[in-house]
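Next up, my_file.txt (compact mmCIF, C-alpha atoms and all ligand atoms):
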```txt
# COMPACT_ATOMS: atom_id res chain seq x y z
CA MET X 1 74.76 139.67 125.46
CA PRO X 2 73.97 143.39 125.20
CA GLN X 3 74.92 145.46 128.22
CA SER X 4 73.40 148.87 128.72
CA ALA X 5 75.46 151.83 129.88
CA ASP X 6 74.77 151.23 133.55
CA GLY X 7 75.96 147.63 133.35
CA LEU X 8 72.52 146.09 133.14
CA ASP X 9 72.11 142.97 131.16
CA GLU X 10 69.05 143.66 129.09
CA ALA X 11 68.22 140.06 128.37
CA LEU X 12 68.23 139.17 132.04
CA SER X 13 66.15 142.14 133.05
CA GLN X 14 63.29 140.48 131.18
CA PRO X 15 61.48 137.61 132.92
CA VAL X 16 63.07 134.25 132.09
CA THR X 17 62.61 130.62 133.01
CA TYR X 18 64.74 127.47 133.12
CA GLY X 19 63.96 123.86 133.76
CA ALA X 20 64.86 121.40 136.50
CA GLU X 21 67.11 119.09 134.48
CA PRO X 22 70.41 120.70 135.53
CA PHE X 23 69.43 120.08 139.13
CA VAL X 24 67.92 116.62 139.05
CA SER X 25 69.44 114.66 136.15
CA GLU X 26 72.27 112.25 136.78
CA ALA X 27 73.27 112.46 133.11
CA TYR X 28 73.55 116.24 133.47
CA ALA X 29 75.66 115.88 136.61
CA ARG X 30 77.99 113.51 134.79
CA ALA X 31 78.17 115.88 131.83
CA GLU X 32 79.21 118.67 134.21
CA GLY X 33 82.13 116.41 135.08
CA ASP X 34 83.21 116.61 131.42
CA LYS X 35 82.15 120.05 130.29
CA LEU X 36 82.13 122.31 133.32
CA TRP X 37 84.50 121.34 136.11
CA PRO X 38 87.57 120.62 133.94
CA LYS X 39 87.14 123.96 132.14
CA VAL X 40 86.76 126.55 134.90
CA TRP X 41 89.03 128.21 137.44
CA GLN X 42 88.09 126.89 140.87
CA HIS X 43 89.33 128.12 144.22
CA ALA X 44 90.98 125.15 145.89
CA CYS X 45 92.06 126.64 149.22
CA ARG X 46 93.29 129.82 150.89
CA VAL X 47 96.97 130.68 150.57
CA GLU X 48 97.23 130.64 154.39
CA GLU X 49 96.53 126.88 154.34
CA ILE X 50 99.84 126.28 152.60
CA ALA X 51 102.03 128.86 154.28
CA GLU X 52 105.19 126.72 154.69
CA VAL X 53 107.18 124.91 152.03
CA GLY X 54 105.85 121.35 152.02
CA ASP X 55 102.31 122.25 153.15
CA TYR X 56 99.73 120.64 150.89
CA VAL X 57 95.96 120.55 150.42
CA THR X 58 93.93 118.16 148.29
CA TYR X 59 90.93 119.34 146.30
CA ASP X 60 88.49 116.78 144.91
CA ILE X 61 85.89 117.60 142.30
CA MET X 62 83.72 114.88 140.69
CA ASP X 63 86.16 112.15 139.57
CA ASP X 64 89.21 114.39 139.72
CA THR X 65 91.56 114.81 142.63
CA ILE X 66 94.09 117.64 142.73
CA LEU X 67 97.04 118.23 145.02
CA ILE X 68 98.17 121.80 145.78
CA VAL X 69 101.56 122.23 147.43
CA ARG X 70 103.86 125.06 148.41
CA SER X 71 106.96 123.91 146.58
CA GLY X 72 109.08 126.98 147.43
CA PRO X 73 108.85 130.13 149.52
CA GLU X 74 107.32 131.98 146.56
CA GLU X 75 106.02 129.02 144.59
CA ILE X 76 102.78 127.06 144.62
CA ARG X 77 102.22 124.07 142.36
CA ALA X 78 99.24 121.89 141.58
CA PHE X 79 99.16 118.33 140.26
CA TYR X 80 96.66 115.58 139.73
CA ASN X 81 96.76 113.71 143.00
CA VAL X 82 97.43 110.40 141.26
CA CYS X 83 100.43 108.09 141.54
CA ALA X 84 102.07 107.39 138.18
CA HIS X 85 102.56 103.71 139.04
CA ARG X 86 99.10 102.17 139.21
CA GLY X 87 97.02 105.21 139.98
CA ARG X 88 96.58 105.25 143.74
CA ARG X 89 95.28 108.57 145.03
CA LEU X 90 98.56 109.87 146.43
CA VAL X 91 97.53 111.87 149.52
CA ASP X 92 94.34 112.75 151.35
CA GLY X 93 93.20 115.89 153.20
CA CYS X 94 95.95 118.32 154.03
CA GLY X 95 99.32 118.15 155.76
CA HIS X 96 103.02 118.83 155.59
CA VAL X 97 105.65 116.70 153.84
CA THR X 98 109.22 116.89 152.60
CA HIS X 99 108.22 114.67 149.66
CA PHE X 100 105.19 112.61 148.64
CA HIS X 101 105.26 108.88 149.36
CA CYS X 102 102.75 106.51 147.77
CA ARG X 103 101.45 104.08 150.36
CA TYR X 104 100.85 101.31 147.85
CA HIS X 105 104.30 100.45 146.39
CA ALA X 106 106.39 103.25 147.96
CA TRP X 107 107.13 105.34 144.89
CA GLN X 108 108.10 108.90 145.82
CA TYR X 109 107.83 112.40 144.35
CA ASP X 110 109.48 115.68 145.29
CA LEU X 111 107.52 118.90 145.84
CA THR X 112 107.93 119.86 142.17
CA GLY X 113 106.21 116.62 141.15
CA GLU X 114 109.34 114.82 139.87
CA ASN X 115 109.52 111.14 140.67
CA ILE X 116 112.44 110.55 143.04
CA ARG X 117 111.96 106.86 143.77
CA VAL X 118 110.73 103.84 141.85
CA LEU X 119 111.12 100.64 143.83
CA ASP X 120 113.36 98.21 141.87
CA LYS X 121 113.56 100.62 138.95
CA GLU X 122 116.08 98.40 137.16
CA ASP X 123 113.28 95.88 136.53
CA TRP X 124 112.02 98.23 133.80
CA GLY X 125 115.37 97.93 131.96
CA GLY X 126 115.81 101.71 131.57
CA ARG X 127 112.48 102.22 129.80
CA LEU X 128 110.90 104.55 132.39
CA GLN X 129 111.03 108.16 131.19
CA SER X 130 110.94 110.90 133.83
CA GLU X 131 108.15 112.71 131.96
CA ARG X 132 106.00 109.58 132.28
CA LEU X 133 106.86 109.24 135.95
CA ARG X 134 106.18 112.76 137.18
CA LEU X 135 102.94 113.99 138.72
CA GLN X 136 100.85 115.58 136.00
CA PRO X 137 100.57 119.37 136.42
CA VAL X 138 97.39 121.40 136.77
CA ARG X 139 97.25 125.16 136.12
CA VAL X 140 97.44 127.14 139.34
CA ASP X 141 97.44 130.83 140.31
CA THR X 142 96.44 133.05 143.21
CA TRP X 143 94.09 135.99 143.61
CA GLY X 144 92.46 137.53 146.66
CA GLY X 145 94.31 135.21 149.01
CA TRP X 146 92.87 132.10 147.33
CA VAL X 147 94.71 129.41 145.38
CA TRP X 148 92.84 128.68 142.15
CA VAL X 149 93.27 125.67 139.88
CA ASN X 150 92.18 124.93 136.33
CA MET X 151 92.46 121.50 134.66
CA ASP X 152 92.28 122.99 131.17
CA PRO X 153 95.85 123.54 129.92
CA ASP X 154 94.50 126.05 127.39
CA CYS X 155 92.45 128.08 129.85
CA VAL X 156 92.44 131.88 129.93
CA PRO X 157 94.63 133.44 132.67
CA LEU X 158 92.96 133.55 136.09
CA ARG X 159 92.81 137.34 136.18
CA GLN X 160 91.03 137.46 132.85
CA TYR X 161 88.59 134.78 134.01
CA LEU X 162 87.74 136.70 137.19
CA GLU X 163 87.22 140.09 135.59
CA PRO X 164 85.39 142.39 136.03
CA LEU X 165 84.92 141.21 139.61
CA ALA X 166 88.64 140.94 140.40
CA GLY X 167 89.09 144.63 139.65
CA MET X 168 85.97 145.50 141.60
CA LEU X 169 87.12 143.54 144.64
CA ASP X 170 90.85 144.39 144.55
CA PRO X 171 90.41 147.44 146.83
CA PHE X 172 89.09 145.15 149.60
CA GLU X 173 92.55 143.51 149.82
CA MET X 174 91.04 140.12 150.54
CA ASP X 175 94.52 138.60 150.46
CA LYS X 176 95.04 140.26 153.86
CA MET X 177 92.09 138.45 155.39
CA ARG X 178 92.42 135.17 157.29
CA TYR X 179 89.94 132.48 158.32
CA ARG X 180 87.96 133.26 161.46
CA TRP X 181 85.90 130.07 161.22
CA ARG X 182 85.28 127.41 158.58
CA GLN X 183 82.68 124.64 158.56
CA TRP X 184 81.24 122.12 156.15
CA CYS X 185 78.42 119.64 155.74
CA TYR X 186 76.49 117.62 153.19
CA PHE X 187 73.17 118.76 151.76
CA ASP X 188 70.59 116.53 150.10
CA CYS X 189 70.39 118.81 147.10
CA ASN X 190 72.20 119.66 143.92
CA TRP X 191 75.30 121.86 144.38
CA LYS X 192 73.57 124.60 142.35
CA VAL X 193 70.57 124.66 144.69
CA ALA X 194 73.03 125.26 147.52
CA ILE X 195 75.08 128.03 145.93
CA GLU X 196 72.01 129.79 144.49
CA ALA X 197 70.62 130.17 148.02
CA PHE X 198 73.60 132.38 148.84
CA ILE X 199 73.75 134.65 145.80
CA GLU X 200 70.41 136.42 146.27
CA ALA X 201 68.69 138.17 149.17
CA TYR X 202 65.18 137.91 147.74
CA HIS X 203 64.67 135.01 150.17
CA VAL X 204 65.08 137.11 153.33
CA GLU X 205 61.39 137.76 153.93
CA GLY X 206 60.48 134.09 153.46
CA THR X 207 63.47 132.48 155.16
CA HIS X 208 64.68 135.01 157.74
CA PRO X 209 61.52 136.99 158.65
CA GLN X 210 63.01 137.98 162.02
CA LEU X 211 65.50 140.26 160.21
CA LEU X 212 62.79 142.42 158.65
CA LYS X 213 62.24 144.30 161.87
CA TYR X 214 65.70 145.82 161.41
CA ALA X 215 65.96 146.71 157.76
CA GLU X 216 64.67 146.37 154.22
CA PHE X 217 66.31 143.70 152.08
CA TYR X 218 65.22 144.87 148.66
CA THR X 219 68.06 144.20 146.21
CA TRP X 220 69.43 145.10 142.82
CA SER X 221 71.45 142.49 140.94
CA GLU X 222 73.76 142.66 137.95
CA ALA X 223 75.36 140.19 135.58
CA ASP X 224 79.11 140.61 135.09
CA GLY X 225 79.86 138.26 132.23
CA LEU X 226 80.36 134.85 133.86
CA HIS X 227 79.91 136.30 137.30
CA SER X 228 77.44 138.60 139.04
CA HIS X 229 76.91 140.75 142.09
CA LYS X 230 74.09 142.29 144.03
CA GLY X 231 73.39 144.75 146.79
CA PHE X 232 70.69 146.54 148.68
CA GLU X 233 68.73 149.45 147.39
CA GLU X 234 66.27 151.88 148.78
CA ARG X 235 63.04 150.57 147.41
CA ASN X 236 61.35 153.92 146.77
CA ARG X 237 63.97 155.32 144.46
CA SER X 238 64.00 154.38 140.80
CA LEU X 239 65.68 151.03 140.33
CA GLN X 240 69.33 150.68 139.40
CA THR X 241 70.46 154.27 139.69
CA GLN X 242 73.74 154.69 141.53
CA GLU X 243 72.06 156.94 144.09
CA SER X 244 69.61 154.29 145.18
CA LYS X 245 72.31 151.72 145.96
CA THR X 246 73.31 151.53 149.57
CA TYR X 247 75.84 149.47 151.46
CA PHE X 248 75.25 150.58 155.03
CA ARG X 249 71.63 150.94 155.97
CA ALA X 250 70.51 152.84 159.02
CA GLY X 251 67.72 150.36 159.53
CA ARG X 252 64.11 150.57 160.59
CA GLY X 253 62.88 152.42 163.60
CA ASP X 254 62.74 155.98 164.86
CA ASP X 255 66.17 156.03 166.42
CA PRO X 256 68.99 154.94 164.09
CA ARG X 257 71.41 154.79 167.05
CA VAL X 258 69.30 152.02 168.52
CA SER X 259 68.32 150.20 165.32
CA ILE X 260 71.93 149.96 164.12
CA ALA X 261 73.11 148.64 167.48
CA ARG X 262 70.30 146.07 167.72
CA MET X 263 70.75 144.79 164.21
CA GLN X 264 74.51 144.49 164.62
CA GLU X 265 74.10 142.61 167.89
CA GLU X 266 71.56 140.22 166.39
CA ILE X 267 73.56 139.61 163.21
CA TYR X 268 76.73 138.90 165.18
CA ARG X 269 74.89 136.50 167.50
CA THR X 270 72.73 134.71 164.92
CA VAL X 271 75.01 134.69 161.84
CA ASN X 272 78.47 135.04 163.40
CA ALA X 273 79.48 136.76 160.16
CA THR X 274 78.96 139.86 157.98
CA THR X 275 80.22 142.10 160.78
CA THR X 276 83.05 142.10 163.32
CA GLU X 277 83.41 142.51 167.07
CA THR X 278 84.88 145.98 166.50
CA ILE X 279 81.93 147.07 164.38
CA VAL X 280 79.37 145.59 166.80
CA ASN X 281 81.01 147.30 169.78
CA ALA X 282 81.14 150.65 167.99
CA ALA X 283 77.41 150.31 167.22
CA ALA X 284 76.65 149.51 170.86
CA ARG X 285 78.20 152.84 171.96
CA LEU X 286 76.15 155.00 169.56
CA ALA X 287 73.41 155.83 172.07
CA GLU X 288 76.00 157.10 174.58
CA GLU X 289 78.08 158.97 172.06
CA LEU X 290 75.39 160.76 170.03
CA PRO X 291 72.38 162.84 171.09
CA GLN X 292 68.88 161.62 170.38
CA GLY X 293 67.61 162.89 167.06
CA THR X 294 70.95 162.63 165.23
CA PRO X 295 70.09 162.03 161.56
CA ALA X 296 70.62 158.50 160.22
CA GLY X 297 73.42 159.45 157.81
CA GLU X 298 75.37 161.11 160.58
CA VAL X 299 74.87 158.15 162.91
CA THR X 300 76.21 155.80 160.24
CA ARG X 301 79.24 158.02 159.59
CA HIS X 302 80.03 158.29 163.30
CA TRP X 303 79.61 154.54 163.79
CA LEU X 304 81.98 153.63 160.97
CA GLU X 305 84.55 156.26 161.91
CA SER X 306 84.74 155.05 165.48
CA ALA X 307 84.97 151.40 164.36
CA ARG X 308 87.73 152.34 161.93
CA ARG X 309 89.61 154.15 164.72
CA ASP X 310 89.21 151.22 167.13
CA ASP X 311 90.54 148.80 164.53
CA ALA X 312 93.46 151.08 163.67
CA ALA X 313 94.38 151.22 167.37
CA ARG X 314 94.78 147.44 167.39
CA GLY X 315 96.65 147.34 164.10
CA VAL X 316 93.84 146.58 161.66
CA ILE X 317 93.92 149.28 159.00
CA TRP X 318 90.76 149.49 156.93
CA PRO X 319 91.19 149.55 153.16
CA SER X 320 90.37 152.94 151.70
CA ILE X 321 87.25 152.43 149.63
CA SER X 322 84.96 155.28 148.71
CA PRO X 323 81.30 155.08 149.72
CA ALA X 324 80.46 155.23 146.01
CA HIS X 325 82.61 152.19 145.23
CA LEU X 326 81.20 150.34 148.22
CA ALA X 327 77.65 151.01 147.05
CA LYS X 328 78.55 149.89 143.52
CA CYS X 329 80.05 146.61 144.79
CA GLY X 330 76.97 145.80 146.83
CA ASN X 331 77.07 143.21 149.52
CA SER X 332 77.85 139.97 147.69
CA CYS X 333 79.06 138.50 144.46
CA HIS X 334 79.01 135.16 142.69
CA ILE X 335 82.16 133.91 141.03
CA PHE X 336 81.23 131.30 138.48
CA PRO X 337 80.58 128.53 139.10
CA ASN X 338 80.56 127.87 142.81
CA LEU X 339 81.92 130.65 145.01
CA SER X 340 79.78 133.23 146.78
CA ILE X 341 81.53 136.09 148.56
CA GLY X 342 79.69 138.30 151.05
CA ILE X 343 81.67 141.53 150.85
CA GLY X 344 82.80 143.59 153.83
CA LEU X 345 85.49 146.18 154.54
CA THR X 346 87.35 143.96 157.01
CA PHE X 347 85.52 140.65 156.59
CA ALA X 348 83.97 138.29 154.08
CA LEU X 349 81.43 135.48 154.35
CA CYS X 350 82.10 132.87 151.69
CA TYR X 351 80.27 129.78 150.49
CA ARG X 352 81.32 126.95 148.22
CA ALA X 353 79.22 124.05 146.97
CA ARG X 354 80.53 121.02 145.10
CA PRO X 355 78.85 117.92 143.72
CA HIS X 356 79.11 114.77 145.79
CA GLY X 357 80.17 112.39 143.02
CA PRO X 358 77.67 112.05 140.19
CA ASP X 359 74.62 112.11 142.47
CA PRO X 360 72.64 115.21 141.43
CA ASN X 361 70.76 115.13 144.75
CA ARG X 362 73.69 115.58 147.08
CA CYS X 363 76.50 118.08 147.54
CA ILE X 364 79.37 119.12 149.77
CA PHE X 365 78.82 122.58 151.22
CA GLU X 366 81.41 124.77 152.90
CA ALA X 367 81.00 128.16 154.57
CA TYR X 368 83.69 130.30 156.10
CA VAL X 369 84.34 133.75 157.45
CA LEU X 370 87.47 135.71 156.59
CA GLU X 371 88.56 138.70 158.61
CA ARG X 372 91.49 141.08 158.92
CA PHE X 373 93.40 140.52 162.14
CA PRO X 374 96.31 142.32 163.74
CA SER X 375 99.51 140.77 162.45
CA GLY X 376 100.38 137.71 164.51
CA GLN X 377 96.90 137.47 166.05
CA GLU X 378 95.28 135.42 163.29
CA PRO X 379 93.38 132.50 164.83
CA LYS X 380 94.39 128.93 164.03
CA THR X 381 91.42 127.30 162.33
CA GLU X 382 90.54 123.93 160.83
CA TRP X 383 87.65 122.63 158.78
CA VAL X 384 84.91 121.59 161.21
CA TYR X 385 82.13 119.23 160.18
CA ALA X 386 78.75 120.48 161.43
CA GLU X 387 75.37 118.87 160.79
CA PRO X 388 73.16 121.28 158.82
CA THR X 389 70.66 121.31 161.70
CA ASP X 390 73.29 122.18 164.31
CA VAL X 391 72.22 125.62 165.54
CA GLU X 392 75.11 125.82 168.00
CA LYS X 393 77.73 125.46 165.31
CA TRP X 394 76.00 127.22 162.38
CA ARG X 395 73.89 129.69 164.38
CA SER X 396 70.23 130.20 163.60
CA VAL X 397 70.26 132.22 160.38
CA LEU X 398 72.29 129.75 158.30
CA VAL X 399 70.22 126.87 159.67
CA GLN X 400 67.16 128.70 158.32
CA ASP X 401 68.83 128.80 154.89
CA PHE X 402 69.84 125.16 155.12
CA ALA X 403 66.25 124.06 155.79
CA ASN X 404 65.37 125.05 152.21
CA MET X 405 67.97 122.85 150.53
CA SER X 406 66.47 119.38 150.43
CA GLU X 407 62.96 120.85 150.12
CA VAL X 408 63.91 122.73 146.93
CA GLN X 409 65.51 119.58 145.57
CA ARG X 410 62.40 117.51 146.33
CA GLY X 411 60.08 120.08 144.82
CA MET X 412 62.08 120.37 141.62
CA ARG X 413 62.02 116.60 141.19
CA SER X 414 58.25 116.56 141.21
CA ARG X 415 56.47 116.43 137.87
CA GLY X 416 54.45 119.39 139.13
CA PHE X 417 57.42 121.76 138.82
CA GLN X 418 57.11 123.76 135.60
CA GLY X 419 60.49 125.51 135.69
CA ALA X 420 61.91 128.34 137.76
CA LEU X 421 60.69 131.95 137.73
CA PRO X 422 63.68 133.94 138.98
CA ASN X 423 62.99 137.54 139.97
CA PRO X 424 64.09 139.69 136.98
CA LYS X 425 65.34 142.49 139.26
CA GLN X 426 66.66 140.76 142.34
CA GLU X 427 67.77 137.33 141.10
CA ARG X 428 69.76 138.07 137.95
CA THR X 429 72.61 136.48 139.82
CA VAL X 430 70.70 133.21 139.58
CA SER X 431 69.49 133.53 135.98
CA ASN X 432 72.95 134.68 134.81
CA PHE X 433 74.45 131.63 136.53
CA GLN X 434 72.01 129.30 134.75
CA ARG X 435 72.65 131.01 131.43
CA ASN X 436 76.43 130.67 131.73
CA LEU X 437 76.20 127.10 132.93
CA ALA X 438 74.11 126.21 129.88
CA LYS X 439 76.79 127.74 127.62
CA TYR X 440 79.46 125.51 129.13
CA MET X 441 77.15 122.54 128.85
CA GLY X 442 76.23 123.31 125.24
CA VAL X 443 72.51 123.23 125.95
CA ALA X 444 69.68 125.76 125.83
CA GLY X 445 69.31 126.86 129.41
CA VAL X 446 67.42 130.05 130.09
CA SER X 447 64.56 131.13 127.87
CA PRO X 448 62.25 134.17 127.85
CA LEU X 449 59.13 133.66 129.87
S1 LIG O 1 100.27 102.94 142.98
FE1 LIG O 1 101.65 104.30 143.88
S2 LIG O 1 103.44 103.11 144.13
FE2 LIG O 1 102.04 101.74 143.22
FE FE O 2 69.80 133.49 153.84
```
Re-express the file's structure as structure tokens.
Amino acid sequence: MPQSADGLDEALSQPVTYGAEPFVSEAYARAEGDKLWPKVWQHACRVEEIAEVGDYVTYDIMDDTILIVRSGPEEIRAFYNVCAHRGRRLVDGCGHVTHFHCRYHAWQYDLTGENIRVLDKEDWGGRLQSERLRLQPVRVDTWGGWVWVNMDPDCVPLRQYLEPLAGMLDPFEMDKMRYRWRQWCYFDCNWKVAIEAFIEAYHVEGTHPQLLKYAEFYTWSEADGLHSHKGFEERNRSLQTQESKTYFRAGRGDDPRVSIARMQEEIYRTVNATTTETIVNAAARLAEELPQGTPAGEVTRHWLESARRDDAARGVIWPSISPAHLAKCGNSCHIFPNLSIGIGLTFALCYRARPHGPDPNRCIFEAYVLERFPSGQEPKTEWVYAEPTDVEKWRSVLVQDFANMSEVQRGMRSRGFQGALPNPKQERTVSNFQRNLAKYMGVAGVSPL
């Protein structure tokens, strides 16, 4: 696909459309189980979840079940989570073991996947080969503090798969971030409906109108091969020039000291993400620390400098990232197929959506916040199930997003839906996703409008 000098994908900057089949067809969902999921690198867990030798996590996707284990201080392995005897799923959830023990007929495996016990092995008369008995390996690697797996033995290396986004995000040192909270739920929609809701900000006016009083949410978006990213831009400048891209916005209102503080307070209270306590507190002090009439750029600089100082005092050193690089990265990216990362200097808001079996109308959705903490002060977290309508647990902004899920799914199933009309400027993240998905699936996906 031709890319222009500024990284724009020319094909996707033209209006395109795509149909509903990938979202509503059970045959398509099953075909994803053959053509998509076994061929892509997927993040299975965070490295922190398997910190000690013997810690394991299971990752299930469609019909496949994968077991990720720390098999040595510097070694992580992944296997199909399937007993070699008669195929029982070996373990469930996560935990800590010295070896794996099948609860059906008590066969056992060590942390490297070798079989170490077959009950009454002599009954096979010496015909059991160790290669046939071991847990079958899955490709595994780490980047950004995540453990990634790929079921395709001939896959490209993880780093190559993630580029150019890995290089773009490396300066954020996401491997130094830890979970602050993590929650999950089911949605009555296709997994793609769910992830697409979190890779564009074009929906802010319709879904989160209360946020418009603080700032503009006009976005640029760019395709990056398989992946994509997007950020905010000042609407009145010409689209897609570096100068028009912004990361920190002073916000609406006459007094940037006040608008920044109010927006930070509201975001922290109603999203519980995309900022930190340090940054919120530094914003709250702006009106005391700066005289009225301080220009917006200066207010922003002062705010960030004081937050950076406060964090340094408690042992959280901000990564050094130039304002230009920050603006280029934007505020979120999509890693194909099902990870969305909201980008921050000391935090990230991440989303993952997975199919729930072959049902195209249901998915498993997970959201979590990562943050940099002083060493030794990382919170202990677990996955918490939270109903999608639970405002206490999800806070109000995500519940607003969640209310779209089943309604989009229902609308797309109607014979009245003529195909999607993604915004050619702000939703290239979505159209690029559909285009790449179609390539994996070997079908025509996105066509010119
Ligand atoms: S299925 Fe695991 S020991 Fe029989
Ligand atoms: Fe949203």
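A distance search around ligand LIG 1 (chain O) (7 Å at most, all atoms listed in the file) returns the following protein and nucleic acid residues: X:Cys83, X:Ala84, X:His85, X:Arg86, X:Gly87, X:Arg88, X:Leu90, X:Cys102, X:Arg103, X:Tyr104, X:His105, X:Ala106, X:Trp107.
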(message) So, with all atoms listed in the file as the atoms that count, which of X:Glu277, X:Phe365, X:Glu52, X:Ser259 lies closest to Tyr385 in chain X?
(response) X:Phe365
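The residue that comes closest to Gln136 in chain X, out of X:His96, X:Lys328, X:Lys192, X:Arg77 and on the basis of all atoms listed in the file, is X:Arg77.
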(message) What does the list of residues within 8 Å of ligand FE 2 (chain O) look like if you count all atoms listed in the file, written as an NGL selection string?
(response) :X and (197-198 or 201 or 203-204 or 207-208 or 397-398 or 400-401)
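CA of Val138 in chain X is found 15.9 Å from CA of Asp34 in chain X.
For the pair CA of Tyr268 in chain X and CA of Leu345 in chain X, the separation is 15.6 Å.
What separates CA of Glu265 in chain X from CA of Ala307 in chain X is a distance of 14.4 Å.
Nearest to Val47 in chain X of all the residues X:Arg127, X:Arg309, X:Lys176, X:Arg252 is X:Lys176, counting all atoms listed in the file.
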(message) Using all atoms listed in the file for the distances, tell me which of X:Gln377, X:Arg415, X:Val369, X:Glu200 is nearest to Ser228 in chain X.
(response) X:Glu200
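In terms of minimum interatomic distance to Ala31 in chain X, X:Pro358 ranks closest within X:Gly231, X:Pro448, X:Gly419, X:Pro358, counting only C-alpha atoms.
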(request) Can you work out which one of X:Arg372, X:Arg262, X:Lys439, X:His356 has the shortest atom-to-atom distance to Asp311 in chain X, counting all atoms listed in the file? (result) X:Arg372
Closest atom pairs, residues of range 302-381 of chain X within 12 Å of range 146-159 of chain X, all atoms listed in the file, as a tab-separated table:
```
residue	atom	partner	partner_atom	distance
X:Ile335	CA	X:Leu158	CA	11.9
X:Leu339	CA	X:Trp146	CA	11.3
X:Cys350	CA	X:Trp146	CA	11.6
X:Leu370	CA	X:Trp146	CA	11.3
```
Please, what is the axis-aligned box for every listed atom of range 57-61 of chain X with 4 Å on each side, as centre and edge lengths in Å to one decimal, as JSON?
```
{"center_x": 90.9, "center_y": 118.7, "center_z": 146.4, "size_x": 18.1, "size_y": 11.8, "size_z": 16.1}
```
